[in-house]
>>> print(open('structure.txt').read())   # compact mmCIF, C-alpha atoms
# COMPACT_ATOMS: atom_id res chain seq x y z
CA MET A 1 -60.25 49.22 -49.35
CA TYR A 2 -59.56 50.04 -53.00
CA LEU A 3 -57.63 53.17 -53.91
CA GLY A 4 -57.71 53.20 -57.70
CA PRO A 5 -56.33 49.86 -58.90
CA PHE A 6 -54.65 49.13 -55.55
CA TYR A 7 -56.15 47.19 -52.68
CA PHE A 8 -55.08 48.06 -49.12
CA ASP A 9 -55.95 46.01 -46.05
CA THR A 10 -56.45 47.62 -42.60
CA LYS A 11 -52.90 46.95 -41.41
CA GLU A 12 -51.38 48.51 -44.51
CA ILE A 13 -53.52 51.63 -44.09
CA PHE A 14 -52.40 51.95 -40.45
CA LEU A 15 -48.77 51.45 -41.48
CA ILE A 16 -49.11 54.19 -44.10
CA LEU A 17 -50.80 56.45 -41.52
CA ALA A 18 -47.93 55.81 -39.09
CA THR A 19 -45.43 56.72 -41.79
CA ILE A 20 -47.30 59.95 -42.56
CA LEU A 21 -47.38 60.80 -38.83
CA LEU A 22 -43.67 60.09 -38.46
CA GLY A 23 -42.94 62.21 -41.52
CA LEU A 24 -44.98 65.07 -40.02
CA ALA A 25 -43.24 64.65 -36.64
CA SER A 26 -39.90 64.76 -38.36
CA PHE A 27 -40.85 67.80 -40.45
CA PHE A 28 -42.38 69.86 -37.63
CA GLY A 29 -39.94 68.63 -34.95
CA TRP A 30 -42.60 67.09 -32.70
CA PRO A 31 -40.84 65.30 -29.82
CA LEU A 32 -41.25 61.53 -29.47
CA TRP A 33 -40.36 60.08 -26.09
CA TRP A 34 -37.32 57.75 -26.17
CA PHE A 35 -37.56 57.05 -29.89
CA ASP A 36 -35.33 58.55 -32.52
CA ARG A 37 -37.61 60.01 -35.23
CA ARG A 38 -35.13 59.48 -38.07
CA ALA A 39 -34.47 55.86 -37.05
CA LEU A 40 -38.21 55.11 -36.85
CA LEU A 41 -38.97 56.80 -40.17
CA THR A 42 -36.15 54.88 -41.89
CA LEU A 43 -37.41 51.61 -40.45
CA VAL A 44 -41.05 52.26 -41.37
CA ILE A 45 -40.05 53.10 -44.96
CA LEU A 46 -38.15 49.79 -45.12
CA LEU A 47 -41.22 48.01 -43.71
CA LEU A 48 -43.41 49.61 -46.39
CA ILE A 49 -41.00 48.69 -49.20
CA THR A 50 -40.61 45.07 -48.08
CA LYS A 51 -44.34 44.65 -47.51
CA GLY A 52 -45.13 46.27 -50.83
CA LEU A 53 -42.73 44.05 -52.74
CA LEU A 54 -44.35 40.84 -51.53
CA PRO A 55 -47.68 39.84 -53.05
CA SER A 56 -48.79 37.56 -50.22
CA ILE A 57 -47.23 37.99 -46.85
CA HIS A 58 -47.82 36.24 -43.58
CA ASN A 59 -49.07 39.14 -41.51
CA GLU A 60 -48.44 37.74 -38.04
CA ALA A 61 -44.73 36.93 -38.54
CA PHE A 62 -44.25 40.26 -40.28
CA PHE A 63 -46.03 42.04 -37.44
CA ILE A 64 -43.81 40.37 -34.79
CA LEU A 65 -40.68 41.24 -36.79
CA ALA A 66 -41.82 44.86 -37.16
CA ILE A 67 -42.58 45.21 -33.43
CA VAL A 68 -39.22 43.67 -32.43
CA ALA A 69 -37.33 45.88 -34.90
CA ILE A 70 -39.09 49.03 -33.65
CA PHE A 71 -38.38 48.05 -30.04
CA LEU A 72 -34.71 47.39 -30.82
CA THR A 73 -34.28 50.97 -32.12
CA LEU A 74 -34.48 52.00 -28.45
CA TYR A 75 -31.32 50.08 -27.60
CA LEU A 76 -29.29 49.42 -30.75
CA PRO A 77 -27.75 51.67 -33.40
CA ILE A 78 -29.97 52.00 -36.48
CA PHE A 79 -27.51 50.18 -38.74
CA GLN A 80 -27.65 47.10 -36.53
CA VAL A 81 -31.46 47.23 -36.46
CA VAL A 82 -31.59 47.47 -40.27
CA LEU A 83 -29.13 44.58 -40.52
CA PHE A 84 -31.23 42.55 -38.09
CA TYR A 85 -34.39 43.33 -40.06
CA PHE A 86 -32.89 42.29 -43.41
CA ILE A 87 -31.38 39.07 -42.02
CA SER A 88 -34.70 38.13 -40.36
CA PHE A 89 -36.63 38.96 -43.50
CA LEU A 90 -34.28 36.89 -45.65
CA VAL A 91 -34.49 33.88 -43.32
CA PHE A 92 -38.29 34.25 -43.13
CA ARG A 93 -38.48 34.10 -46.90
CA LEU A 94 -36.00 31.23 -47.21
CA LEU A 95 -37.90 29.14 -44.67
CA LYS A 96 -41.20 30.22 -46.23
CA VAL A 97 -42.55 31.68 -42.98
CA ILE A 98 -43.69 34.77 -44.90
CA MET B 1 -49.45 24.16 -36.36
CA LYS B 2 -49.89 27.78 -35.34
CA ILE B 3 -47.69 27.32 -32.23
CA ASP B 4 -44.99 25.71 -34.39
CA LEU B 5 -45.01 28.76 -36.64
CA ARG B 6 -44.72 31.14 -33.68
CA ILE B 7 -41.80 29.18 -32.19
CA LYS B 8 -40.14 29.18 -35.63
CA THR B 9 -40.69 32.95 -35.91
CA LEU B 10 -39.17 33.64 -32.48
CA LEU B 11 -36.22 31.34 -33.18
CA ILE B 12 -35.52 33.08 -36.50
CA ILE B 13 -35.68 36.48 -34.78
CA LEU B 14 -33.27 35.32 -32.07
CA ILE B 15 -30.82 33.82 -34.58
CA SER B 16 -30.99 36.98 -36.71
CA TYR B 17 -30.32 39.15 -33.64
CA LEU B 18 -27.25 37.09 -32.73
CA THR B 19 -26.04 37.15 -36.35
CA SER B 20 -26.41 40.94 -36.47
CA ILE B 21 -24.29 41.24 -33.29
CA LEU B 22 -21.64 38.96 -34.80
CA LEU B 23 -21.56 40.95 -38.05
CA ILE B 24 -21.48 44.34 -36.29
CA GLN B 25 -18.55 43.27 -34.10
CA ASN B 26 -16.51 41.51 -36.75
CA VAL B 27 -17.40 42.59 -40.28
CA PHE B 28 -18.54 46.23 -40.14
CA LEU B 29 -16.69 49.27 -38.83
CA ALA B 30 -18.08 51.48 -36.05
CA ASN B 31 -21.82 50.81 -36.62
CA SER B 32 -21.61 51.92 -40.25
CA PRO B 33 -22.15 49.96 -43.48
CA GLU B 34 -18.41 50.20 -44.18
CA ILE B 35 -16.83 46.75 -44.31
CA ARG B 36 -13.56 46.25 -42.43
CA PRO B 37 -10.76 46.69 -45.01
CA ASN B 38 -8.61 43.90 -43.54
CA LEU B 39 -11.56 41.52 -43.09
CA GLY B 40 -9.78 38.35 -44.24
CA VAL B 41 -6.71 38.92 -42.09
CA TYR B 42 -8.86 39.99 -39.14
CA LEU B 43 -11.09 36.89 -39.27
CA ALA B 44 -8.08 34.60 -39.74
CA SER B 45 -6.33 36.11 -36.69
CA LYS B 46 -9.56 35.92 -34.70
CA VAL B 47 -9.97 32.20 -35.47
CA LYS B 48 -6.28 31.59 -34.74
CA ASN B 49 -6.46 33.43 -31.42
CA THR B 50 -9.60 31.54 -30.41
CA PHE B 51 -7.84 28.24 -31.04
CA ASN B 52 -4.75 29.45 -29.18
CA ARG B 53 -6.87 30.52 -26.22
CA LEU B 54 -8.71 27.19 -26.19
CA GLY B 55 -5.38 25.36 -26.42
CA GLY B 56 -3.97 27.48 -23.57
CA ASN B 57 -7.00 26.77 -21.39
CA LEU B 58 -6.71 23.04 -22.01
CA ALA B 59 -2.98 23.12 -21.29
CA SER B 60 -3.53 25.01 -18.03
CA LEU B 61 -6.13 22.44 -16.97
CA ILE B 62 -3.73 19.60 -17.62
CA LYS B 63 -0.93 21.34 -15.70
CA PHE B 64 -3.03 21.87 -12.53
CA PRO B 65 -1.62 19.95 -9.56
CA LYS B 66 -3.92 17.26 -8.18
CA ASN B 67 -4.11 18.74 -4.65
CA LEU B 68 -5.23 22.19 -5.90
CA SER B 69 -8.11 23.34 -3.72
CA LEU B 70 -11.01 25.60 -4.71
CA ASN B 71 -9.60 28.36 -2.45
CA SER B 72 -6.31 28.46 -4.26
CA ILE B 73 -8.10 28.69 -7.62
CA THR B 74 -10.13 31.64 -6.29
CA ASN B 75 -6.95 33.34 -5.12
CA ARG B 76 -5.38 32.92 -8.50
CA GLY B 77 -8.42 34.41 -10.21
CA SER B 78 -8.71 37.41 -7.93
CA SER B 79 -5.05 38.35 -8.11
CA THR B 80 -4.83 38.32 -11.92
CA GLY B 81 -3.70 41.66 -13.33
CA SER B 82 -1.84 42.86 -10.28
CA THR B 83 -0.03 41.54 -7.28
CA THR B 84 -2.28 41.60 -4.25
CA SER B 85 0.52 41.59 -1.71
CA SER B 86 1.90 44.93 -0.73
CA ASN B 87 5.23 43.32 0.02
CA ASN B 88 7.72 44.15 -2.73
CA THR B 89 9.59 40.93 -2.12
CA VAL B 90 6.64 39.03 -3.56
CA VAL B 91 7.02 41.01 -6.79
CA GLU B 92 10.74 40.34 -6.81
CA LYS B 93 10.12 36.62 -6.25
CA LEU B 94 7.56 36.59 -9.05
CA LYS B 95 9.95 38.31 -11.44
CA ASN B 96 12.43 35.45 -11.00
CA GLN B 97 9.83 32.80 -11.86
CA PRO B 98 9.64 31.26 -15.35
CA SER B 99 7.02 32.80 -17.65
CA ASN B 100 3.96 31.03 -19.03
CA VAL B 101 2.77 32.32 -22.38
CA LEU B 102 -0.96 33.21 -22.21
CA THR B 103 -1.12 34.59 -25.70
CA LYS B 104 1.32 36.39 -28.00
CA GLY B 105 3.01 39.14 -25.97
CA VAL B 106 1.20 38.29 -22.69
CA TYR B 107 3.05 36.30 -20.02
CA ALA B 108 2.07 35.11 -16.56
CA LYS B 109 4.28 34.23 -13.62
CA THR B 110 2.84 32.52 -10.57
CA GLU B 111 4.29 31.89 -7.14
CA GLY B 112 2.50 30.97 -3.90
CA GLY B 113 -0.99 31.95 -5.07
CA ASN B 114 0.14 35.30 -6.54
CA THR B 115 0.16 36.09 -10.22
CA LEU B 116 2.12 38.62 -12.23
CA ILE B 117 0.96 39.43 -15.73
CA GLU B 118 3.51 40.97 -18.09
CA ILE B 119 2.48 42.55 -21.39
CA ASP B 120 5.07 43.16 -24.08
CA THR B 121 3.39 45.62 -26.47
CA SER B 122 6.18 45.24 -29.03
CA GLN B 123 5.06 41.64 -29.66
CA ILE B 124 1.34 42.39 -30.05
CA ASP B 125 -0.02 43.00 -33.54
CA PHE B 126 -1.95 46.24 -33.65
CA VAL B 127 -4.39 47.55 -36.23
CA GLU B 128 -4.55 51.32 -36.62
CA TYR B 129 -7.94 52.92 -37.28
CA THR B 130 -8.54 56.54 -38.24
CA PHE B 131 -11.76 58.12 -36.95
CA ASN B 132 -13.29 61.52 -37.45
CA VAL B 133 -14.62 62.65 -34.05
CA ASN B 134 -16.19 66.12 -33.86
CA GLY B 135 -14.17 67.26 -36.89
CA LYS B 136 -10.88 65.99 -35.45
CA GLU B 137 -8.95 63.14 -37.03
CA ILE B 138 -8.08 60.61 -34.36
CA LYS B 139 -5.89 57.53 -34.78
CA VAL B 140 -6.58 54.56 -32.52
CA LYS B 141 -4.39 51.46 -32.21
CA MET B 142 -6.22 48.26 -31.25
CA PRO B 143 -4.93 44.69 -30.87
CA LYS B 144 -5.76 42.71 -34.00
CA ASP B 145 -8.33 40.40 -32.38
CA GLN B 146 -10.24 43.17 -30.60
CA PRO B 147 -13.45 44.72 -31.97
CA THR B 148 -13.37 48.30 -33.23
CA PRO B 149 -14.24 50.84 -30.50
CA PRO B 150 -17.79 52.21 -30.97
CA ALA B 151 -18.17 55.84 -32.10
CA GLN B 152 -19.95 56.77 -28.83
CA VAL B 153 -16.94 55.67 -26.75
CA LEU B 154 -14.54 57.68 -28.92
CA GLU B 155 -16.76 60.76 -28.68
CA LYS B 156 -16.63 60.52 -24.88
CA LEU B 157 -12.87 60.01 -24.82
CA TYR B 158 -11.90 62.80 -27.22
>>> encode(input="structure.txt", output="structure tokens")
Amino acid sequence: MYLGPFYFDTKEIFLILATILLGLASFFGWPLWWFDRRALLTLVILLLITKGLLPSIHNEAFFILAIVAIFLTLYLPIFQVVLFYFISFLVFRLLKVI
Amino acid sequence: MKIDLRIKTLLIILISYLTSILLIQNVFLANSPEIRPNLGVYLASKVKNTFNRLGGNLASLIKFPKNLSLNSITNRGSSTGSTTSSNNTVVEKLKNQPSNVLTKGVYAKTEGGNTLIEIDTSQIDFVEYTFNVNGKEIKVKMPKDQPTPPAQVLEKLY
């Protein structure tokens, strides 16, 4: 789908929708079972930035990384999850997986 | 080809997870982006202690008598940290035994399957950390090779 000069695929639109929903949940104080709203919002913003910075990205590896990182927010402090995400992302790029 | 890529992806994720644990425990302070101020000294002491521990383990293996049975090893393991016998004479006997150095400031004395561990805090190198817990400034002393206590633990303690 084209929005002005930008092209968005389905996954990107869903990711943006999720971010908007999380932003609304954070703003209106909607409860989310088990998950920390702030941690999720921070992570989704990082996902958007990293996805947006890469012209061609391997969607499957990125999807697995995103799912694992979101799941880890249930158990680990947010700083460790962010650290894990950046290390994984760096190694993915170095080994040309994404 | 596709399976290879998936295995590679999972391996990278696993390695990254382990690396993040290693960094959190050794490089960063209390789950924050703040880097340990004494990082070089801390890592050097950690490496040194690991080698000392490995050396101690090897030495203890070499010193084991040949007729040592599995039962006696189990007894030694279960009695570490305190004397299991209620008889005070056992403690007295242990006190007269020569000490084996486990690590700097930690000594062990063994006699007849019982073990006495002695800790001399004046010989252990401590690192002092200052934390802000619920508006209170709290100072915590930790042995040099130990990881920093997590903020959640401190909040429960103070």
>>> atom_distance(input="structure.txt", atom1="atom CA of B:Pro149", atom2="atom CA of B:Asn26")
11.5 Å
>>> closest_residue(input="structure.txt", among="B:Thr89, B:Asn96, B:Thr103, B:Ser20", to="chain A", atoms="all atoms listed in the file")
B:Ser20
>>> interface_residues(input="structure.txt", of="chain B", to="chain A", cutoff="8 Å", atoms="only C-alpha atoms", output="list in words")
Leu5, Arg6, Thr9, Ile12, Ile13, Ser16, Tyr17, Thr19, Ser20, Ile21, Ile24, Asn31, Ser32 and Pro33 of chain B
>>> residues_around(input="structure.txt", residues="stretch 31-35 of chain A", least_positions_apart="6", cutoff="8 Å", atoms="all atoms listed in the file", output="PyMOL selection string")
chain A and resi 25+73-74
>>> residues_near_point(input="structure.txt", point="(-46.1, 45.2, -40.8)", cutoff="7 Å", atoms="all atoms listed in the file", output="list in words")
Leu15, Leu47, Lys51, Asn59, Phe62, Phe63 and Ala66 of chain A
>>> write_last_selection(input="structure.txt", atoms="C-alpha atoms", output="PDB file, in the frame of the given file")
ATOM      1  CA  LEU A  15     -48.770  51.450 -41.480  1.00  0.00           C
ATOM      2  CA  LEU A  47     -41.220  48.010 -43.710  1.00  0.00           C
ATOM      3  CA  LYS A  51     -44.340  44.650 -47.510  1.00  0.00           C
ATOM      4  CA  ASN A  59     -49.070  39.140 -41.510  1.00  0.00           C
ATOM      5  CA  PHE A  62     -44.250  40.260 -40.280  1.00  0.00           C
ATOM      6  CA  PHE A  63     -46.030  42.040 -37.440  1.00  0.00           C
ATOM      7  CA  ALA A  66     -41.820  44.860 -37.160  1.00  0.00           C
TER       8      ALA A  66
END
>>> atom_distance(input="structure.txt", atom1="atom CA of B:Leu102", atom2="atom CA of B:Thr148")
22.4 Å
>>> atom_distance(input="structure.txt", atom1="atom CA of A:Thr50", atom2="atom CA of A:Glu12")
11.9 Å
>>> residues_around(input="structure.txt", residues="B:Pro37", least_positions_apart="4", cutoff="12 Å", atoms="only C-alpha atoms", output="compact mmCIF listing (two decimals) with C-alpha atoms, in the coordinates of the input")
# COMPACT_ATOMS: atom_id res chain seq x y z
CA ASN B 26 -16.51 41.51 -36.75
CA VAL B 27 -17.40 42.59 -40.28
CA PHE B 28 -18.54 46.23 -40.14
CA LEU B 29 -16.69 49.27 -38.83
CA PRO B 33 -22.15 49.96 -43.48
CA VAL B 41 -6.71 38.92 -42.09
CA TYR B 42 -8.86 39.99 -39.14
CA LEU B 43 -11.09 36.89 -39.27
CA VAL B 127 -4.39 47.55 -36.23
CA GLU B 128 -4.55 51.32 -36.62
CA TYR B 129 -7.94 52.92 -37.28
>>> residues_around(input="structure.txt", residues="B:Asn100", least_positions_apart="4", cutoff="8 Å", atoms="only C-alpha atoms", output="ChimeraX atom specification")
/B:107-109
>>> residues_around(input="structure.txt", residues="A:Arg38", least_positions_apart="2", cutoff="9 Å", atoms="all atoms listed in the file", output="VMD selection string")
chain A and resid 22 to 23 26 35 to 36 40 to 43
>>> residues_near_point(input="structure.txt", point="(-16.5, 62.5, -36.1)", cutoff="12 Å", atoms="all atoms listed in the file", output="list of chain:residue names")
B:Ala30, B:Thr130, B:Phe131, B:Asn132, B:Val133, B:Asn134, B:Gly135, B:Lys136, B:Glu137, B:Ile138, B:Lys139, B:Pro150, B:Ala151, B:Gln152, B:Val153, B:Leu154, B:Glu155, B:Lys156, B:Tyr158
>>> axis_aligned_box(input="structure.txt", around="stretch 11-18 of chain A", padding_each_side="5 Å", output="JSON")
{"center_x": -50.7, "center_y": 51.7, "center_z": -41.8, "size_x": 15.6, "size_y": 19.5, "size_z": 15.4}
